[in-house]
$ cat structure20.cif   # mmCIF, N, CA and C atoms and all ligand atoms
data_data
#
loop_
_atom_site.label_atom_id
_atom_site.label_comp_id
_atom_site.auth_asym_id
_atom_site.auth_seq_id
_atom_site.Cartn_x
_atom_site.Cartn_y
_atom_site.Cartn_z
N MET A 1 90.85 168.68 106.78
CA MET A 1 91.96 168.01 106.11
C MET A 1 92.15 166.60 106.66
N LEU A 2 92.48 165.69 105.80
CA LEU A 2 92.68 164.32 106.24
C LEU A 2 94.12 164.12 106.68
N ASP A 3 94.29 163.68 107.89
CA ASP A 3 95.65 163.33 108.29
C ASP A 3 95.83 161.81 108.18
N ALA A 4 97.04 161.37 108.43
CA ALA A 4 97.34 159.94 108.25
C ALA A 4 96.46 159.08 109.16
N ALA A 5 96.26 159.54 110.39
CA ALA A 5 95.48 158.73 111.33
C ALA A 5 94.05 158.53 110.81
N THR A 6 93.49 159.59 110.22
CA THR A 6 92.13 159.50 109.69
C THR A 6 92.08 158.54 108.51
N LEU A 7 93.07 158.65 107.65
CA LEU A 7 93.12 157.74 106.50
C LEU A 7 93.20 156.30 106.97
N TYR A 8 94.04 156.07 107.97
CA TYR A 8 94.21 154.71 108.48
C TYR A 8 92.90 154.20 109.07
N GLN A 9 92.24 155.09 109.82
CA GLN A 9 90.98 154.69 110.44
C GLN A 9 89.95 154.35 109.36
N ASP A 10 89.93 155.16 108.31
CA ASP A 10 89.00 154.91 107.20
C ASP A 10 89.30 153.56 106.55
N LEU A 11 90.58 153.26 106.38
CA LEU A 11 90.95 152.00 105.75
C LEU A 11 90.46 150.82 106.59
N ILE A 12 90.64 150.92 107.92
CA ILE A 12 90.20 149.82 108.79
C ILE A 12 88.68 149.70 108.77
N LEU A 13 87.98 150.83 108.81
CA LEU A 13 86.51 150.77 108.77
C LEU A 13 86.03 150.18 107.45
N ASP A 14 86.67 150.60 106.37
CA ASP A 14 86.28 150.10 105.04
C ASP A 14 86.48 148.59 104.93
N HIS A 15 87.64 148.13 105.35
CA HIS A 15 87.90 146.68 105.28
C HIS A 15 87.06 145.91 106.29
N GLY A 16 86.69 146.57 107.41
CA GLY A 16 85.84 145.92 108.41
C GLY A 16 84.43 145.73 107.87
N ARG A 17 83.96 146.70 107.11
CA ARG A 17 82.60 146.63 106.58
C ARG A 17 82.51 145.80 105.32
N ARG A 18 83.53 145.91 104.48
CA ARG A 18 83.51 145.20 103.19
C ARG A 18 84.79 144.38 103.06
N PRO A 19 84.90 143.32 103.84
CA PRO A 19 86.16 142.57 103.83
C PRO A 19 86.50 141.96 102.48
N ARG A 20 87.76 142.09 102.08
CA ARG A 20 88.26 141.42 100.88
C ARG A 20 88.68 140.01 101.30
N GLY A 21 88.66 139.12 100.35
CA GLY A 21 89.11 137.77 100.66
C GLY A 21 88.14 137.02 101.56
N TYR A 22 86.88 137.50 101.63
CA TYR A 22 85.90 136.83 102.49
C TYR A 22 85.24 135.68 101.72
N ARG A 23 86.01 134.65 101.50
CA ARG A 23 85.57 133.47 100.76
C ARG A 23 86.67 132.44 100.94
N PHE A 24 86.34 131.18 100.67
CA PHE A 24 87.37 130.16 100.76
C PHE A 24 87.89 129.85 99.36
N PRO A 25 89.22 129.72 99.21
CA PRO A 25 89.79 129.39 97.90
C PRO A 25 89.36 127.99 97.46
N GLU A 26 89.25 127.80 96.18
CA GLU A 26 89.02 126.46 95.66
C GLU A 26 90.28 125.62 95.86
N HIS A 27 90.07 124.35 96.15
CA HIS A 27 91.18 123.41 96.33
C HIS A 27 92.16 123.88 97.42
N ALA A 28 91.61 124.42 98.49
CA ALA A 28 92.47 124.82 99.61
C ALA A 28 93.15 123.58 100.17
N ASN A 29 94.43 123.71 100.54
CA ASN A 29 95.13 122.56 101.10
C ASN A 29 95.72 122.82 102.48
N CYS A 30 95.48 124.00 103.05
CA CYS A 30 95.81 124.22 104.47
C CYS A 30 94.67 125.05 105.05
N GLU A 31 94.33 124.76 106.28
CA GLU A 31 93.33 125.59 106.93
C GLU A 31 93.48 125.50 108.43
N ALA A 32 93.01 126.54 109.11
CA ALA A 32 93.00 126.54 110.57
C ALA A 32 91.87 127.44 111.05
N ASP A 33 91.40 127.13 112.25
CA ASP A 33 90.39 127.96 112.90
C ASP A 33 91.07 128.80 113.96
N GLY A 34 90.67 130.05 114.06
CA GLY A 34 91.24 130.93 115.07
C GLY A 34 90.17 131.45 116.00
N HIS A 35 90.55 131.65 117.25
CA HIS A 35 89.60 132.14 118.25
C HIS A 35 90.31 133.13 119.15
N ASN A 36 89.68 134.26 119.34
CA ASN A 36 90.19 135.25 120.28
C ASN A 36 89.20 135.39 121.41
N PRO A 37 89.42 134.67 122.52
CA PRO A 37 88.42 134.66 123.59
C PRO A 37 88.25 136.03 124.25
N VAL A 38 89.25 136.89 124.15
CA VAL A 38 89.16 138.20 124.79
C VAL A 38 88.00 139.01 124.21
N CYS A 39 87.82 138.89 122.89
CA CYS A 39 86.81 139.70 122.22
C CYS A 39 85.68 138.85 121.66
N GLY A 40 85.93 137.55 121.49
CA GLY A 40 84.91 136.68 120.90
C GLY A 40 85.04 136.52 119.40
N ASP A 41 86.15 137.00 118.83
CA ASP A 41 86.36 136.87 117.38
C ASP A 41 86.66 135.41 117.03
N ARG A 42 86.03 134.95 115.96
CA ARG A 42 86.31 133.60 115.46
C ARG A 42 86.43 133.65 113.96
N LEU A 43 87.44 133.00 113.42
CA LEU A 43 87.52 132.94 111.97
C LEU A 43 88.26 131.68 111.52
N THR A 44 88.01 131.33 110.28
CA THR A 44 88.69 130.21 109.65
C THR A 44 89.46 130.76 108.45
N VAL A 45 90.72 130.39 108.36
CA VAL A 45 91.55 130.80 107.23
C VAL A 45 91.84 129.56 106.39
N LYS A 46 91.63 129.67 105.10
CA LYS A 46 91.99 128.57 104.20
C LYS A 46 92.95 129.08 103.13
N ILE A 47 93.92 128.24 102.82
CA ILE A 47 95.00 128.63 101.90
C ILE A 47 95.14 127.57 100.82
N ARG A 48 95.39 128.01 99.62
CA ARG A 48 95.88 127.08 98.61
C ARG A 48 97.35 127.39 98.40
N GLU A 49 98.19 126.44 98.78
CA GLU A 49 99.63 126.64 98.71
C GLU A 49 100.17 125.69 97.64
N GLU A 50 100.99 126.25 96.77
CA GLU A 50 101.61 125.43 95.73
C GLU A 50 103.08 125.78 95.66
N ASP A 51 103.94 124.78 95.72
CA ASP A 51 105.38 124.99 95.63
C ASP A 51 105.85 126.09 96.58
N ASP A 52 105.36 126.03 97.83
CA ASP A 52 105.82 126.98 98.84
C ASP A 52 105.28 128.40 98.65
N VAL A 53 104.33 128.58 97.74
CA VAL A 53 103.76 129.91 97.52
C VAL A 53 102.28 129.89 97.88
N VAL A 54 101.85 130.94 98.58
CA VAL A 54 100.43 131.10 98.89
C VAL A 54 99.76 131.63 97.62
N VAL A 55 99.15 130.75 96.85
CA VAL A 55 98.57 131.20 95.59
C VAL A 55 97.17 131.76 95.80
N ASP A 56 96.51 131.32 96.86
CA ASP A 56 95.18 131.88 97.14
C ASP A 56 94.92 131.73 98.63
N VAL A 57 94.20 132.70 99.17
CA VAL A 57 93.91 132.68 100.60
C VAL A 57 92.61 133.41 100.84
N GLY A 58 91.85 132.92 101.79
CA GLY A 58 90.60 133.59 102.15
C GLY A 58 90.22 133.24 103.57
N PHE A 59 89.20 133.94 104.06
CA PHE A 59 88.76 133.67 105.43
C PHE A 59 87.25 133.85 105.51
N GLN A 60 86.68 133.25 106.55
CA GLN A 60 85.30 133.51 106.91
C GLN A 60 85.18 133.43 108.41
N GLY A 61 84.23 134.13 108.95
CA GLY A 61 84.03 134.07 110.39
C GLY A 61 83.26 135.27 110.87
N SER A 62 83.25 135.45 112.17
CA SER A 62 82.57 136.61 112.71
C SER A 62 83.44 137.22 113.77
N GLY A 63 83.55 138.51 113.72
CA GLY A 63 84.39 139.19 114.69
C GLY A 63 84.16 140.68 114.61
N CYS A 64 84.91 141.40 115.43
CA CYS A 64 84.77 142.84 115.46
C CYS A 64 85.40 143.45 114.20
N ALA A 65 85.20 144.75 114.04
CA ALA A 65 85.70 145.43 112.83
C ALA A 65 87.21 145.29 112.70
N ILE A 66 87.94 145.35 113.81
CA ILE A 66 89.40 145.28 113.71
C ILE A 66 89.86 143.89 113.27
N SER A 67 89.26 142.85 113.84
CA SER A 67 89.68 141.50 113.45
C SER A 67 89.32 141.23 111.99
N THR A 68 88.16 141.72 111.57
CA THR A 68 87.74 141.51 110.19
C THR A 68 88.63 142.30 109.23
N ALA A 69 88.92 143.55 109.58
CA ALA A 69 89.77 144.38 108.72
C ALA A 69 91.19 143.81 108.65
N ALA A 70 91.67 143.28 109.77
CA ALA A 70 93.02 142.71 109.78
C ALA A 70 93.07 141.48 108.88
N ALA A 71 92.02 140.65 108.94
CA ALA A 71 91.98 139.45 108.09
C ALA A 71 91.89 139.86 106.62
N SER A 72 91.09 140.87 106.35
CA SER A 72 90.89 141.35 104.98
C SER A 72 92.20 141.86 104.37
N THR A 73 92.89 142.74 105.09
CA THR A 73 94.14 143.28 104.58
C THR A 73 95.22 142.19 104.52
N MET A 74 95.12 141.23 105.43
CA MET A 74 96.09 140.11 105.41
C MET A 74 95.95 139.30 104.12
N THR A 75 94.71 139.00 103.73
CA THR A 75 94.55 138.17 102.52
C THR A 75 95.15 138.88 101.31
N GLU A 76 95.01 140.22 101.28
CA GLU A 76 95.60 140.97 100.17
C GLU A 76 97.13 140.95 100.24
N ALA A 77 97.64 141.07 101.48
CA ALA A 77 99.09 141.22 101.66
C ALA A 77 99.86 139.93 101.37
N VAL A 78 99.28 138.78 101.67
CA VAL A 78 100.07 137.55 101.58
C VAL A 78 99.87 136.77 100.28
N SER A 79 98.87 137.19 99.51
CA SER A 79 98.59 136.46 98.28
C SER A 79 99.78 136.56 97.33
N GLY A 80 100.27 135.42 96.87
CA GLY A 80 101.39 135.41 95.94
C GLY A 80 102.75 135.37 96.60
N LYS A 81 102.77 135.42 97.94
CA LYS A 81 104.07 135.42 98.64
C LYS A 81 104.47 133.98 99.00
N THR A 82 105.78 133.82 99.19
CA THR A 82 106.28 132.51 99.62
C THR A 82 106.00 132.35 101.11
N ARG A 83 106.07 131.09 101.54
CA ARG A 83 105.85 130.78 102.94
C ARG A 83 106.79 131.59 103.86
N SER A 84 108.07 131.69 103.51
CA SER A 84 108.99 132.40 104.40
C SER A 84 108.71 133.90 104.39
N GLU A 85 108.29 134.44 103.25
CA GLU A 85 107.90 135.87 103.21
C GLU A 85 106.67 136.10 104.09
N VAL A 86 105.73 135.17 104.05
CA VAL A 86 104.51 135.31 104.84
C VAL A 86 104.83 135.25 106.33
N LEU A 87 105.70 134.31 106.72
CA LEU A 87 106.05 134.19 108.14
C LEU A 87 106.77 135.44 108.63
N ALA A 88 107.64 136.00 107.79
CA ALA A 88 108.36 137.23 108.15
C ALA A 88 107.38 138.40 108.29
N LEU A 89 106.41 138.44 107.37
CA LEU A 89 105.42 139.52 107.40
C LEU A 89 104.56 139.41 108.66
N ALA A 90 104.20 138.19 109.02
CA ALA A 90 103.40 137.97 110.23
C ALA A 90 104.14 138.49 111.46
N GLN A 91 105.46 138.27 111.50
CA GLN A 91 106.26 138.76 112.63
C GLN A 91 106.33 140.28 112.65
N ARG A 92 106.49 140.87 111.47
CA ARG A 92 106.56 142.34 111.37
C ARG A 92 105.23 142.96 111.81
N PHE A 93 104.13 142.33 111.37
CA PHE A 93 102.81 142.87 111.71
C PHE A 93 102.61 142.82 113.23
N ARG A 94 103.00 141.70 113.83
CA ARG A 94 102.85 141.55 115.27
C ARG A 94 103.69 142.59 116.00
N ALA A 95 104.92 142.83 115.50
CA ALA A 95 105.80 143.83 116.12
C ALA A 95 105.18 145.22 116.00
N LEU A 96 104.53 145.48 114.86
CA LEU A 96 103.91 146.79 114.64
C LEU A 96 102.76 147.01 115.62
N VAL A 97 101.85 146.05 115.73
CA VAL A 97 100.66 146.27 116.55
C VAL A 97 100.94 146.16 118.05
N THR A 98 102.12 145.61 118.40
CA THR A 98 102.48 145.59 119.82
C THR A 98 103.43 146.74 120.15
N GLY A 99 103.65 147.63 119.19
CA GLY A 99 104.44 148.83 119.45
C GLY A 99 105.94 148.59 119.48
N GLN A 100 106.39 147.44 118.98
CA GLN A 100 107.83 147.16 119.00
C GLN A 100 108.58 147.81 117.85
N ILE A 101 107.86 148.18 116.81
CA ILE A 101 108.51 148.97 115.76
C ILE A 101 107.70 150.24 115.54
N ASP A 102 108.41 151.30 115.20
CA ASP A 102 107.76 152.58 114.99
C ASP A 102 107.06 152.57 113.63
N PRO A 103 105.85 153.18 113.57
CA PRO A 103 105.14 153.21 112.29
C PRO A 103 105.99 153.79 111.15
N SER A 104 106.93 154.71 111.49
CA SER A 104 107.76 155.31 110.44
C SER A 104 108.72 154.28 109.83
N GLU A 105 108.93 153.17 110.55
CA GLU A 105 109.80 152.11 110.02
C GLU A 105 108.98 151.02 109.33
N ALA A 106 107.69 151.29 109.19
CA ALA A 106 106.80 150.23 108.70
C ALA A 106 106.21 150.55 107.33
N ARG A 107 106.86 151.46 106.61
CA ARG A 107 106.28 151.86 105.32
C ARG A 107 106.20 150.69 104.34
N ASP A 108 107.16 149.76 104.50
CA ASP A 108 107.15 148.59 103.62
C ASP A 108 105.91 147.72 103.83
N LEU A 109 105.22 147.96 104.93
CA LEU A 109 104.04 147.13 105.22
C LEU A 109 102.80 147.59 104.45
N GLY A 110 102.88 148.74 103.80
CA GLY A 110 101.75 149.20 103.00
C GLY A 110 100.51 149.41 103.86
N LYS A 111 99.39 148.85 103.40
CA LYS A 111 98.12 149.02 104.12
C LYS A 111 98.17 148.49 105.54
N LEU A 112 99.03 147.49 105.75
CA LEU A 112 99.10 146.89 107.08
C LEU A 112 99.55 147.92 108.12
N ALA A 113 100.26 148.96 107.67
CA ALA A 113 100.73 150.00 108.58
C ALA A 113 99.56 150.72 109.24
N ALA A 114 98.38 150.60 108.64
CA ALA A 114 97.18 151.23 109.21
C ALA A 114 96.89 150.74 110.62
N PHE A 115 97.42 149.56 110.95
CA PHE A 115 97.11 148.97 112.25
C PHE A 115 98.07 149.40 113.36
N ALA A 116 99.00 150.31 113.04
CA ALA A 116 99.97 150.76 114.05
C ALA A 116 99.26 151.33 115.28
N GLY A 117 98.14 152.04 115.04
CA GLY A 117 97.41 152.68 116.14
C GLY A 117 96.85 151.68 117.15
N VAL A 118 96.70 150.44 116.73
CA VAL A 118 96.17 149.40 117.62
C VAL A 118 97.07 149.22 118.85
N SER A 119 98.38 149.53 118.67
CA SER A 119 99.31 149.33 119.79
C SER A 119 98.93 150.17 121.01
N LYS A 120 98.13 151.21 120.79
CA LYS A 120 97.70 152.06 121.92
C LYS A 120 96.51 151.44 122.66
N PHE A 121 95.96 150.37 122.11
CA PHE A 121 94.78 149.74 122.71
C PHE A 121 95.06 148.25 122.94
N PRO A 122 95.71 147.96 124.08
CA PRO A 122 96.16 146.57 124.32
C PRO A 122 95.05 145.53 124.16
N MET A 123 93.80 145.91 124.50
CA MET A 123 92.70 144.94 124.37
C MET A 123 92.44 144.56 122.91
N ARG A 124 92.85 145.44 122.00
CA ARG A 124 92.53 145.19 120.59
C ARG A 124 93.67 144.52 119.82
N VAL A 125 94.83 144.41 120.47
CA VAL A 125 95.98 143.82 119.77
C VAL A 125 95.66 142.41 119.30
N LYS A 126 94.98 141.63 120.17
CA LYS A 126 94.67 140.25 119.81
C LYS A 126 93.64 140.17 118.68
N CYS A 127 92.81 141.20 118.58
CA CYS A 127 91.86 141.25 117.46
C CYS A 127 92.65 141.38 116.15
N ALA A 128 93.68 142.23 116.17
CA ALA A 128 94.46 142.49 114.96
C ALA A 128 95.34 141.30 114.59
N THR A 129 95.81 140.56 115.60
CA THR A 129 96.75 139.47 115.29
C THR A 129 96.06 138.13 115.05
N LEU A 130 94.77 138.03 115.35
CA LEU A 130 94.09 136.72 115.26
C LEU A 130 94.24 136.08 113.88
N ALA A 131 93.94 136.85 112.83
CA ALA A 131 93.99 136.28 111.48
C ALA A 131 95.40 135.81 111.14
N TRP A 132 96.39 136.58 111.61
CA TRP A 132 97.79 136.22 111.32
C TRP A 132 98.20 134.96 112.07
N HIS A 133 97.78 134.86 113.34
CA HIS A 133 98.06 133.63 114.09
C HIS A 133 97.44 132.43 113.37
N THR A 134 96.23 132.63 112.89
CA THR A 134 95.49 131.53 112.26
C THR A 134 96.15 131.14 110.94
N LEU A 135 96.60 132.15 110.20
CA LEU A 135 97.30 131.91 108.93
C LEU A 135 98.58 131.10 109.16
N VAL A 136 99.37 131.53 110.16
CA VAL A 136 100.63 130.84 110.45
C VAL A 136 100.34 129.40 110.89
N ALA A 137 99.30 129.23 111.72
CA ALA A 137 98.92 127.87 112.16
C ALA A 137 98.60 127.00 110.95
N ALA A 138 97.84 127.56 110.01
CA ALA A 138 97.45 126.79 108.83
C ALA A 138 98.69 126.40 108.02
N LEU A 139 99.62 127.34 107.86
CA LEU A 139 100.83 127.06 107.09
C LEU A 139 101.71 126.02 107.78
N GLU A 140 101.65 126.03 109.11
CA GLU A 140 102.51 125.10 109.86
C GLU A 140 101.81 123.77 110.13
N GLY A 141 100.61 123.61 109.58
CA GLY A 141 99.93 122.33 109.69
C GLY A 141 99.14 122.14 110.96
N ASP A 142 98.97 123.22 111.74
CA ASP A 142 98.11 123.13 112.92
C ASP A 142 96.68 123.41 112.47
N THR A 143 95.73 122.87 113.20
CA THR A 143 94.34 123.07 112.78
C THR A 143 93.68 124.23 113.51
N GLY A 144 94.33 124.71 114.56
CA GLY A 144 93.68 125.78 115.32
C GLY A 144 94.69 126.74 115.90
N ALA A 145 94.20 127.95 116.18
CA ALA A 145 95.05 128.95 116.82
C ALA A 145 94.18 129.72 117.80
N THR A 146 94.78 130.11 118.88
CA THR A 146 94.05 130.94 119.82
C THR A 146 94.99 132.04 120.29
N THR A 147 94.42 133.18 120.59
CA THR A 147 95.25 134.28 121.10
C THR A 147 95.45 134.12 122.60
N GLU A 148 94.87 133.08 123.18
CA GLU A 148 94.91 132.90 124.62
C GLU A 148 96.33 132.85 125.17
N THR A 149 97.21 132.18 124.42
CA THR A 149 98.58 132.02 124.89
C THR A 149 99.48 133.15 124.43
N ASP A 150 98.90 134.09 123.69
CA ASP A 150 99.67 135.22 123.17
C ASP A 150 100.04 136.15 124.33
N GLU A 151 101.20 136.77 124.25
CA GLU A 151 101.63 137.70 125.29
C GLU A 151 100.80 138.96 125.24
ZN ZN B 1 87.92 141.73 118.26
#
$ encode --input "structure20.cif" --output "structure tokens"
Amino acid sequence: MLDAATLYQDLILDHGRRPRGYRFPEHANCEADGHNPVCGDRLTVKIREEDDVVVDVGFQGSGCAISTAAASTMTEAVSGKTRSEVLALAQRFRALVTGQIDPSEARDLGKLAAFAGVSKFPMRVKCATLAWHTLVAALEGDTGATTETDE
């Protein structure tokens, strides 16, 4: 029988192997490079933002399955959202993977809730948050993000 943990693991493996949003949007107008020195993950996030809305987003890079899956599910989650919705979601995701909110309180996060288990593996938290750090950096006009200064 499949339990929730297995389903979540399958979702992460699936997105890690076949990432969605693995391309750059046409006419992107924000971008940033992200680096997670702990694991060696590197990615670039590009966004096309119009009237405060993320109309298209994609990424490319190389990293472990968790960083790739996190970037993949992120591109799905933020597409069509406003800048403030995206920033709020980034904070919620970070709280989830660092164990600050219980997975039972994270149902609104949809597929992103699959990453709750990462909180049990402190070394992997930065893998999961890299794409989100990079996305926020791009939206805020920074050209780069690193997990180095992350708690
Ligand atoms: Zn990694």
$ closest_residue --input "structure20.cif" --among "A:Thr6, A:Gln91, A:Ser84, A:Gln60" --to "Trp132 of chain A" --atoms "only N, CA and C atoms"
A:Gln91
$ residues_near_ligand --input "structure20.cif" --ligand "ligand ZN 1 (chain B)" --cutoff "8 Å" --atoms "only C-alpha atoms and all ligand atoms" --output "mmCIF file with N, CA and C atoms, in the coordinates of the input"
data_model
loop_
_atom_site.group_PDB
_atom_site.id
_atom_site.type_symbol
_atom_site.label_atom_id
_atom_site.label_comp_id
_atom_site.auth_asym_id
_atom_site.auth_seq_id
_atom_site.Cartn_x
_atom_site.Cartn_y
_atom_site.Cartn_z
ATOM 1 N N ASN A 36 89.680 134.260 119.340
ATOM 2 C CA ASN A 36 90.190 135.250 120.280
ATOM 3 C C ASN A 36 89.200 135.390 121.410
ATOM 4 N N VAL A 38 89.250 136.890 124.150
ATOM 5 C CA VAL A 38 89.160 138.200 124.790
ATOM 6 C C VAL A 38 88.000 139.010 124.210
ATOM 7 N N CYS A 39 87.820 138.890 122.890
ATOM 8 C CA CYS A 39 86.810 139.700 122.220
ATOM 9 C C CYS A 39 85.680 138.850 121.660
ATOM 10 N N GLY A 40 85.930 137.550 121.490
ATOM 11 C CA GLY A 40 84.910 136.680 120.900
ATOM 12 C C GLY A 40 85.040 136.520 119.400
ATOM 13 N N ASP A 41 86.150 137.000 118.830
ATOM 14 C CA ASP A 41 86.360 136.870 117.380
ATOM 15 C C ASP A 41 86.660 135.410 117.030
ATOM 16 N N GLY A 63 83.550 138.510 113.720
ATOM 17 C CA GLY A 63 84.390 139.190 114.690
ATOM 18 C C GLY A 63 84.160 140.680 114.610
ATOM 19 N N CYS A 64 84.910 141.400 115.430
ATOM 20 C CA CYS A 64 84.770 142.840 115.460
ATOM 21 C C CYS A 64 85.400 143.450 114.200
ATOM 22 N N ALA A 65 85.200 144.750 114.040
ATOM 23 C CA ALA A 65 85.700 145.430 112.830
ATOM 24 C C ALA A 65 87.210 145.290 112.700
ATOM 25 N N ILE A 66 87.940 145.350 113.810
ATOM 26 C CA ILE A 66 89.400 145.280 113.710
ATOM 27 C C ILE A 66 89.860 143.890 113.270
ATOM 28 N N SER A 67 89.260 142.850 113.840
ATOM 29 C CA SER A 67 89.680 141.500 113.450
ATOM 30 C C SER A 67 89.320 141.230 111.990
ATOM 31 N N ARG A 124 92.850 145.440 122.000
ATOM 32 C CA ARG A 124 92.530 145.190 120.590
ATOM 33 C C ARG A 124 93.670 144.520 119.820
ATOM 34 N N LYS A 126 94.980 141.630 120.170
ATOM 35 C CA LYS A 126 94.670 140.250 119.810
ATOM 36 C C LYS A 126 93.640 140.170 118.680
ATOM 37 N N CYS A 127 92.810 141.200 118.580
ATOM 38 C CA CYS A 127 91.860 141.250 117.460
ATOM 39 C C CYS A 127 92.650 141.380 116.150
ATOM 40 N N ALA A 128 93.680 142.230 116.170
ATOM 41 C CA ALA A 128 94.460 142.490 114.960
ATOM 42 C C ALA A 128 95.340 141.300 114.590
#
$ closest_residue --input "structure20.cif" --among "A:Leu43, A:Val55, A:Leu135, A:Met74" --to "Arg20 of chain A" --atoms "only C-alpha atoms"
A:Met74
$ closest_residue --input "structure20.cif" --among "A:Val53, A:Glu26, A:Val97, A:Glu148" --to "Val125 of chain A" --atoms "all atoms listed in the file"
A:Val97
$ residues_around --input "structure20.cif" --residues "segment 106-117 of chain A" --least-positions-apart "4" --cutoff "9 Å" --atoms "only C-alpha atoms" --output "list in words"
Ala4, Ala5, Leu7, Tyr8, Gln9, Leu11, Ile12, Ile66, Ala70, Thr73, Met74, Ala77, Leu89, Arg92, Phe93, Leu96, Val97, Thr98, Gly99, Ile101, Asp102, Phe121 and Ala128 of chain A
$ select_by_dssp --input "structure20.cif" --residues "segment 16-146 of chain A" --states "helix (DSSP H, G or I)" --output "MDAnalysis selection string"
chainID A and resid 16:17 65:78 83:97 103:105 107:120 122:139
$ atom_distance --input "structure20.cif" --atom1 "atom N of Ala95 of chain A" --atom2 "atom C of Pro25 of chain A"
28.1 Å
$ atom_distance --input "structure20.cif" --atom1 "atom C of Pro122 of chain A" --atom2 "atom N of Thr147 of chain A"
12.9 Å
$ residues_around --input "structure20.cif" --residues "Arg48 of chain A" --least-positions-apart "2" --cutoff "5 Å" --atoms "all atoms listed in the file" --output "ChimeraX atom specification"
/A:28-29,46,50,54-57
$ select_by_dssp --input "structure20.cif" --residues "chain A" --states "strand (DSSP E or B)" --output "ChimeraX atom specification"
/A:30-36,41-50,53-62,82,144-146
$ atom_distance --input "structure20.cif" --atom1 "atom CA of Gly34 of chain A" --atom2 "atom CA of Ala69 of chain A"
14.9 Å
$ closest_residue --input "structure20.cif" --among "A:His27, A:Arg83, A:Arg42, A:Arg17" --to "Leu139 of chain A" --atoms "all atoms listed in the file"
A:Arg83
$ residues_around --input "structure20.cif" --residues "Ala32 of chain A" --least-positions-apart "3" --cutoff "9 Å" --atoms "only C-alpha atoms" --output "ChimeraX atom specification"
/A:43-46,134-139,141-145
$ closest_residue --input "structure20.cif" --among "A:Thr82, A:Asp10, A:Ala88, A:Glu140" --to "Cys30 of chain A" --atoms "all atoms listed in the file"
A:Glu140
$ closest_residue --input "structure20.cif" --among "A:Pro37, A:Pro103, A:Gly21, A:Gly16" --to "Val78 of chain A" --atoms "only C-alpha atoms"
A:Gly21
